[in-house]
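S.K.: Dropping in run_39.cif, with mmCIF, C-alpha atoms.
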data_target
#
loop_
_atom_site.label_atom_id
_atom_site.label_comp_id
_atom_site.auth_asym_id
_atom_site.auth_seq_id
_atom_site.Cartn_x
_atom_site.Cartn_y
_atom_site.Cartn_z
CA MET K 1091 72.44 117.93 116.91
CA THR K 1092 68.71 117.54 117.54
CA ALA K 1093 68.68 120.69 119.67
CA LEU K 1094 70.60 122.58 116.98
CA PHE K 1095 68.06 121.49 114.35
CA TRP K 1096 65.18 123.05 116.28
CA ILE K 1097 67.15 126.17 117.16
CA ILE K 1098 68.10 126.76 113.53
CA LYS K 1099 64.56 125.97 112.41
CA VAL K 1100 63.09 128.64 114.70
CA LEU K 1101 65.76 131.12 113.60
CA THR K 1102 64.97 130.51 109.91
CA THR K 1103 61.30 131.23 110.56
CA GLY K 1104 62.11 134.48 112.30
CA MET K 1105 64.66 135.46 109.67
CA GLY K 1106 62.18 134.61 106.90
CA GLU K 1107 59.51 136.80 108.49
CA ALA K 1108 61.85 139.77 108.87
CA ALA K 1109 63.42 139.32 105.43
CA SER K 1110 60.06 139.05 103.68
CA ASP K 1111 58.84 142.27 105.33
CA PHE K 1112 62.10 144.02 104.47
CA LEU K 1113 61.95 142.93 100.82
CA ALA K 1114 58.26 143.76 100.46
CA HIS K 1115 58.77 147.30 101.78
CA THR K 1116 62.04 147.86 99.91
CA LEU K 1117 61.26 146.32 96.52
CA GLY K 1118 57.49 146.13 96.58
CA PRO K 1119 55.32 143.01 97.04
CA VAL K 1120 55.41 141.77 93.44
CA PRO K 1121 59.19 142.04 92.87
CA ALA K 1122 59.77 140.56 96.34
CA VAL K 1123 57.61 137.52 95.55
CA GLY K 1124 59.31 137.09 92.18
CA LEU K 1125 62.83 137.39 93.57
CA SER K 1126 62.15 135.03 96.46
CA GLY K 1127 60.46 132.59 94.09
CA ILE K 1128 63.57 132.47 91.90
CA GLY K 1129 65.73 131.98 94.97
CA LEU K 1130 63.46 129.15 96.14
CA ILE K 1131 63.62 127.37 92.77
CA VAL K 1132 67.42 127.59 92.68
CA ALA K 1133 67.74 126.36 96.27
CA LEU K 1134 65.39 123.41 95.69
CA LEU K 1135 67.17 122.46 92.46
CA LEU K 1136 70.46 122.31 94.37
CA GLN K 1137 68.78 120.28 97.12
CA PHE K 1138 67.28 117.76 94.68
CA ARG K 1139 70.59 117.42 92.82
CA SER K 1140 72.39 116.59 96.05
CA ARG K 1141 72.67 112.83 96.65
CA ARG K 1142 73.03 113.22 100.42
CA TYR K 1143 72.31 115.65 103.22
CA LEU K 1144 74.52 118.74 103.04
CA ALA K 1145 73.86 121.22 105.82
CA GLY K 1146 74.54 124.35 103.77
CA ILE K 1147 72.30 123.36 100.85
CA TYR K 1148 69.50 122.02 103.04
CA TRP K 1149 69.25 125.07 105.27
CA THR K 1150 69.51 127.45 102.32
CA ALA K 1151 66.43 125.73 100.90
CA VAL K 1152 64.66 126.05 104.25
CA VAL K 1153 65.46 129.77 104.43
CA MET K 1154 64.14 130.37 100.92
CA VAL K 1155 60.99 128.40 101.69
CA SER K 1156 60.58 130.59 104.77
CA VAL K 1157 60.89 133.84 102.84
CA PHE K 1158 58.69 132.76 99.93
CA GLY K 1159 56.09 131.07 102.15
CA THR K 1160 55.78 134.22 104.24
CA LEU K 1161 55.37 136.45 101.20
CA ALA K 1162 52.76 134.06 99.75
CA ALA K 1163 50.73 134.08 102.96
CA ASP K 1164 51.02 137.86 103.32
CA ALA K 1165 50.01 138.34 99.69
CA ALA K 1166 46.77 136.47 100.34
CA HIS K 1167 45.85 139.00 103.02
CA VAL K 1168 47.31 142.23 101.64
CA GLY K 1169 46.78 141.63 97.93
CA PHE K 1170 43.44 139.83 98.02
CA SER K 1171 42.05 140.95 101.40
CA VAL K 1172 41.70 137.38 102.62
CA PRO K 1173 40.99 137.41 106.40
CA TYR K 1174 43.63 135.86 108.64
CA TRP K 1175 41.21 133.20 109.87
CA ALA K 1176 40.29 132.23 106.30
CA SER K 1177 43.91 131.90 105.12
CA THR K 1178 44.75 129.93 108.26
CA ILE K 1179 41.93 127.46 107.55
CA CYS K 1180 42.85 127.21 103.85
CA PHE K 1181 46.52 126.48 104.53
CA PHE K 1182 45.54 124.02 107.29
CA VAL K 1183 43.30 122.13 104.86
CA ALA K 1184 46.03 122.20 102.19
CA LEU K 1185 48.52 120.75 104.69
CA GLY K 1186 46.03 118.03 105.61
CA VAL K 1187 45.60 117.11 101.94
CA ILE K 1188 49.37 116.87 101.44
CA PHE K 1189 49.71 114.66 104.52
CA LEU K 1190 46.85 112.44 103.30
CA LEU K 1191 48.37 112.01 99.83
CA TRP K 1192 51.83 111.43 101.28
CA GLN K 1193 50.54 108.77 103.69
CA ARG K 1194 48.49 107.00 101.03
CA ARG K 1195 51.31 106.93 98.47
CA GLU K 1196 54.25 106.19 100.77
CA GLY K 1197 52.69 104.60 103.86
CA THR K 1198 54.59 106.85 106.29
CA LEU K 1199 55.14 110.51 107.09
CA SER K 1200 58.44 109.94 108.86
CA VAL K 1201 61.25 112.23 107.75
CA HIS K 1202 63.65 109.36 108.39
CA SER K 1203 62.11 107.46 105.47
CA ILE K 1204 62.78 110.14 102.84
CA SER K 1205 64.95 108.09 100.50
CA THR K 1206 63.28 108.68 97.11
CA ARG K 1207 62.70 111.71 94.92
CA ARG K 1208 58.93 111.47 95.31
CA ARG K 1209 59.13 111.40 99.10
CA GLU K 1210 61.42 114.39 99.03
CA MET K 1211 58.91 116.25 96.87
CA PHE K 1212 56.19 115.48 99.42
CA TYR K 1213 58.51 116.71 102.17
CA TRP K 1214 59.26 120.08 100.59
CA ALA K 1215 55.61 120.62 99.63
CA THR K 1216 54.78 120.01 103.29
CA VAL K 1217 57.51 122.37 104.48
CA LEU K 1218 56.29 125.16 102.19
CA CYS K 1219 52.72 124.70 103.38
CA THR K 1220 53.74 124.70 107.05
CA PHE K 1221 55.50 128.04 106.59
CA ALA K 1222 52.45 129.59 104.94
CA LEU K 1223 50.14 128.11 107.59
CA GLY K 1224 52.37 129.28 110.42
CA THR K 1225 52.54 132.80 109.00
CA ALA K 1226 48.75 133.01 108.75
CA ALA K 1227 48.26 131.55 112.23
CA GLY K 1228 50.79 133.93 113.77
CA ASP K 1229 49.10 136.93 112.15
CA LEU K 1230 45.72 135.62 113.29
CA THR K 1231 46.70 135.50 116.97
CA ALA K 1232 48.78 138.69 116.98
CA VAL K 1233 46.56 140.90 114.84
CA GLY K 1234 43.25 139.14 114.29
CA LEU K 1235 42.78 138.21 117.95
CA GLY K 1236 44.65 141.26 119.22
CA LEU K 1237 47.18 139.41 121.38
CA GLY K 1238 50.17 141.29 120.04
CA TRP K 1239 53.46 139.82 118.88
CA LEU K 1240 55.11 139.13 122.23
CA ALA K 1241 52.03 137.43 123.68
CA SER K 1242 51.67 135.38 120.50
CA GLY K 1243 55.29 134.29 120.75
CA LEU K 1244 54.78 133.20 124.34
CA LEU K 1245 51.58 131.38 123.36
CA PHE K 1246 53.32 129.37 120.66
CA THR K 1247 56.25 128.70 122.99
CA GLY K 1248 53.81 126.95 125.30
CA LEU K 1249 52.10 125.09 122.46
CA ILE K 1250 55.37 123.83 120.97
CA ALA K 1251 56.32 122.36 124.35
CA VAL K 1252 53.19 120.19 124.38
CA PRO K 1253 54.44 117.50 121.93
CA ALA K 1254 57.76 117.35 123.79
CA VAL K 1255 55.87 116.56 126.99
CA LEU K 1256 53.30 114.23 125.44
CA SER K 1257 55.99 112.25 123.61
CA ARG K 1258 57.14 111.07 127.02
CA PHE K 1259 53.69 109.59 127.53
CA GLY K 1260 53.47 107.71 124.25
CA LEU K 1261 52.61 110.37 121.66
CA ASN K 1262 53.50 109.12 118.18
CA SER K 1263 56.94 110.45 117.24
CA VAL K 1264 55.90 111.40 113.70
CA LEU K 1265 52.89 113.36 114.98
CA ALA K 1266 55.06 115.03 117.62
CA PHE K 1267 57.62 116.05 114.99
CA TRP K 1268 55.15 117.64 112.59
CA TRP K 1269 53.22 119.28 115.43
CA ALA K 1270 56.38 120.99 116.60
CA TYR K 1271 57.53 121.68 113.03
CA VAL K 1272 54.36 123.59 112.16
CA LEU K 1273 54.52 125.66 115.35
CA THR K 1274 58.12 126.75 114.83
CA ARG K 1275 56.86 129.09 112.12
CA PRO K 1276 54.48 131.28 114.17
CA LEU K 1277 56.86 131.01 117.14
CA GLY K 1278 59.88 132.42 115.32
CA ALA K 1279 57.86 134.90 113.27
CA SER K 1280 56.08 136.33 116.32
CA PHE K 1281 59.32 137.05 118.16
CA ALA K 1282 60.96 138.42 114.99
CA ASP K 1283 58.07 140.84 114.46
CA TRP K 1284 58.19 141.84 118.12
CA MET K 1285 61.89 142.67 117.82
CA ALA K 1286 61.52 144.48 114.48
CA LEU K 1287 58.36 146.54 114.95
CA PRO K 1288 58.54 150.09 116.34
CA HIS K 1289 57.70 150.91 119.95
CA SER K 1290 54.42 152.46 118.85
CA ARG K 1291 53.25 149.01 117.73
CA GLY K 1292 54.51 147.19 120.82
CA GLY K 1293 57.88 146.12 119.39
CA LEU K 1294 61.50 146.70 120.30
CA GLY K 1295 62.14 148.91 117.28
CA ALA K 1296 65.16 147.05 115.88
CA GLY K 1297 63.84 147.15 112.32
CA THR K 1298 63.36 144.33 109.81
CA GLY K 1299 66.75 144.86 108.18
CA MET K 1300 68.67 144.58 111.44
CA VAL K 1301 66.69 141.54 112.60
CA THR K 1302 67.30 139.87 109.23
CA LEU K 1303 71.05 140.49 109.41
CA ALA K 1304 71.35 139.38 113.03
CA MET K 1305 69.42 136.15 112.58
CA SER K 1306 71.18 135.41 109.28
CA GLY K 1307 74.55 135.73 110.99
CA ILE K 1308 73.56 133.31 113.76
CA ILE K 1309 72.13 130.85 111.23
CA ILE K 1310 75.33 130.94 109.15
CA LEU K 1311 77.45 130.25 112.23
CA LEU K 1312 75.28 127.33 113.40
CA VAL K 1313 74.98 125.80 109.93
CA GLY K 1314 78.73 126.13 109.51
CA PHE K 1315 79.16 124.22 112.76
CA LEU K 1316 76.79 121.50 111.49
CA ALA K 1317 78.68 121.26 108.20
CA LEU K 1318 81.99 120.94 110.04
CA ALA K 1319 80.56 118.27 112.34
CA GLN K 1320 79.19 116.42 109.31
CA ARG K 1321 82.60 116.52 107.62
CA LYS K 1322 84.33 115.22 110.75
CA THR K 1323 81.79 112.41 111.09
CA ALA K 1324 82.26 111.42 107.46
CA SER K 1325 86.05 111.46 107.84
CA ALA K 1326 85.88 109.33 110.98
CA ALA K 1327 83.58 106.84 109.26
CA ALA K 1328 85.91 106.63 106.26
CA ALA K 1329 88.91 106.09 108.53
CA THR K 1330 87.08 103.34 110.42
CA ALA K 1331 86.10 101.67 107.16
CA GLY K 1332 89.70 101.90 105.96
CA ARG K 1333 91.00 100.26 109.12
CA GLY K 1334 88.39 97.55 108.74
CA ARG K 1335 89.53 96.73 105.22
CA THR K 1336 93.16 96.71 106.33
CA ALA K 1337 92.38 94.33 109.15
#
Now that the file is in, can you turn its structure into structure tokens?

M.R.:
Amino acid sequence: MTALFWIIKVLTTGMGEAASDFLAHTLGPVPAVGLSGIGLIVALLLQFRSRRYLAGIYWTAVVMVSVFGTLAADAAHVGFSVPYWASTICFFVALGVIFLLWQRREGTLSVHSISTRRREMFYWATVLCTFALGTAAGDLTAVGLGLGWLASGLLFTGLIAVPAVLSRFGLNSVLAFWWAYVLTRPLGASFADWMALPHSRGGLGAGTGMVTLAMSGIIILLVGFLALAQRKTASAAAATAGRGRTA
């Protein structure tokens, strides 16, 4: 289940990158931001109304955060001509402020301690900021530094492996989680752009629409598997509880 979480997370980042580009070019930047913003609000409302973790609702919210966060970060560069390095620094500072407030108010940044509405609000604010930061950082390495999308993807693949290695040598688990969580965004987005962009720009030429559909299909299958596993676990727990009462 842990492996599936990270696989789906990377896929949502790639799908969000491709979907945001597809919507921006098809509908225009402003309608795309508005439509994704409405979708994000609806998804988060469903998530906050849910009293427990439901795979379908949770990952729908993550996908909408991915799409909206990407469009927000791209809008800063395209709409307001903010340099990639400047938007990366701004989103990094914003993420640091959220972490600081979260730690001061709740005393922990662990996702396993999210048991109140306020902690969940901190969590989703953090998630949104990580998507925007990751988008800016991925664009910075691929375009600003001239590495290209494939090289950027390989770079972030190496960087995301660092917390996994260091955790074996005592790295704090909460720090390791958020380190990896932030890097999933530029990792997935870099490979999605590489697959979608035309050959003339160093890509595979699959197109943003095709990449969006392909990744969406895989995400739906994996989330469906998680939902089924969750249902089976809940049924087994209920059956065990029932046998305990009978005994």

S.K.: With distances taken over all atoms listed in the file, which of K:Trp1239, K:Phe1212, K:Phe1221, K:Phe1267 is nearest to Val1152 in chain K?

M.R.: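 Among the listed residues, the smallest separation from Val1152 in chain K belongs to K:Phe1221.
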
S.K.: Check the smallest atom-to-atom distance from each of K:Thr1160, K:Leu1223, K:Leu1277, K:Cys1180 to Phe1112 in chain K using only C-alpha atoms, then report the winner.

M.R.: K:Thr1160

S.K.: Can you pull out the residues contacting Ala1270 in chain K? Cut-off 7 Å, using all atoms listed in the file, and skip same-chain residues under 4 positions away; I want them as a PDB file with C-alpha atoms, keeping the file's coordinate frame.

M.R.:
ATOM      1  CA  ILE K1250      55.370 123.830 120.970  1.00  0.00           C
ATOM      2  CA  PRO K1253      54.440 117.500 121.930  1.00  0.00           C
ATOM      3  CA  ALA K1266      55.060 115.030 117.620  1.00  0.00           C
ATOM      4  CA  THR K1274      58.120 126.750 114.830  1.00  0.00           C
TER       5      THR K1274
END

S.K.: On this file, the PyMOL selection byres ((chain K and resi 1129) around 10) gives some set of residues; write that set as JSON, numbers by chain.

M.R.: {"K": [1123, 1124, 1125, 1126, 1127, 1128, 1130, 1131, 1132, 1133, 1134, 1135, 1150, 1151, 1153, 1154, 1155, 1157, 1158]}

S.K.: Which residue out of K:Ser1290, K:Ser1156, K:Gln1193, K:Gln1137 has the minimum interatomic distance to Thr1103 in chain K when only C-alpha atoms are used?

M.R.: K:Ser1156

S.K.: List the spatial neighbours of Phe1315 in chain K as a list in words - criterion: any atom at most 12 Å away, all atoms listed in the file, same-chain residues fewer than 6 positions off excluded.

M.R.: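 Everything that qualifies: Met1091, Leu1094, Phe1095, Ile1098, Ala1145, Gly1146, Ile1308, Ile1309, Arg1321 and Lys1322 of chain K.
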
S.K.: Could you spell out the hits of the PyMOL selection byres ((chain K and resi 1268) around 10) on the shown file, as a list in words?

M.R.: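 Given this file, the PyMOL selection byres ((chain K and resi 1268) around 10) evaluates to Leu1199, Ser1200, Val1201, Thr1216, Val1217, Thr1220, Pro1253, Ser1263, Val1264, Leu1265, Ala1266, Phe1267, Trp1269, Ala1270, Tyr1271, Val1272, Leu1273 and Thr1274 of chain K.
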
S.K.: Taking (53.1, 129.4, 121.9) in the coordinates of the supplied file, I want to know which residues reach to within 10 Å of it, counting all atoms listed in the file; could you give the answer as a ChimeraX atom specification?

M.R.: /K:1228,1240-1252,1273-1274,1276-1278,1280

S.K.: Any chance you could export the current selection's C-alpha atoms as a CSV table (one decimal), keeping the file's coordinate frame?

M.R.:
chain,number,residue,atom,x,y,z
K,1228,GLY,CA,50.8,133.9,113.8
K,1240,LEU,CA,55.1,139.1,122.2
K,1241,ALA,CA,52.0,137.4,123.7
K,1242,SER,CA,51.7,135.4,120.5
K,1243,GLY,CA,55.3,134.3,120.8
K,1244,LEU,CA,54.8,133.2,124.3
K,1245,LEU,CA,51.6,131.4,123.4
K,1246,PHE,CA,53.3,129.4,120.7
K,1247,THR,CA,56.2,128.7,123.0
K,1248,GLY,CA,53.8,127.0,125.3
K,1249,LEU,CA,52.1,125.1,122.5
K,1250,ILE,CA,55.4,123.8,121.0
K,1251,ALA,CA,56.3,122.4,124.4
K,1252,VAL,CA,53.2,120.2,124.4
K,1273,LEU,CA,54.5,125.7,115.4
K,1274,THR,CA,58.1,126.8,114.8
K,1276,PRO,CA,54.5,131.3,114.2
K,1277,LEU,CA,56.9,131.0,117.1
K,1278,GLY,CA,59.9,132.4,115.3
K,1280,SER,CA,56.1,136.3,116.3

S.K.: Rounded to one decimal, what separation in Å do you get between CA of Thr1092 in chain K and CA of Asp1283 in chain K?

M.R.: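 Taking CA of Thr1092 in chain K and CA of Asp1283 in chain K, their separation equals 25.8 Å.
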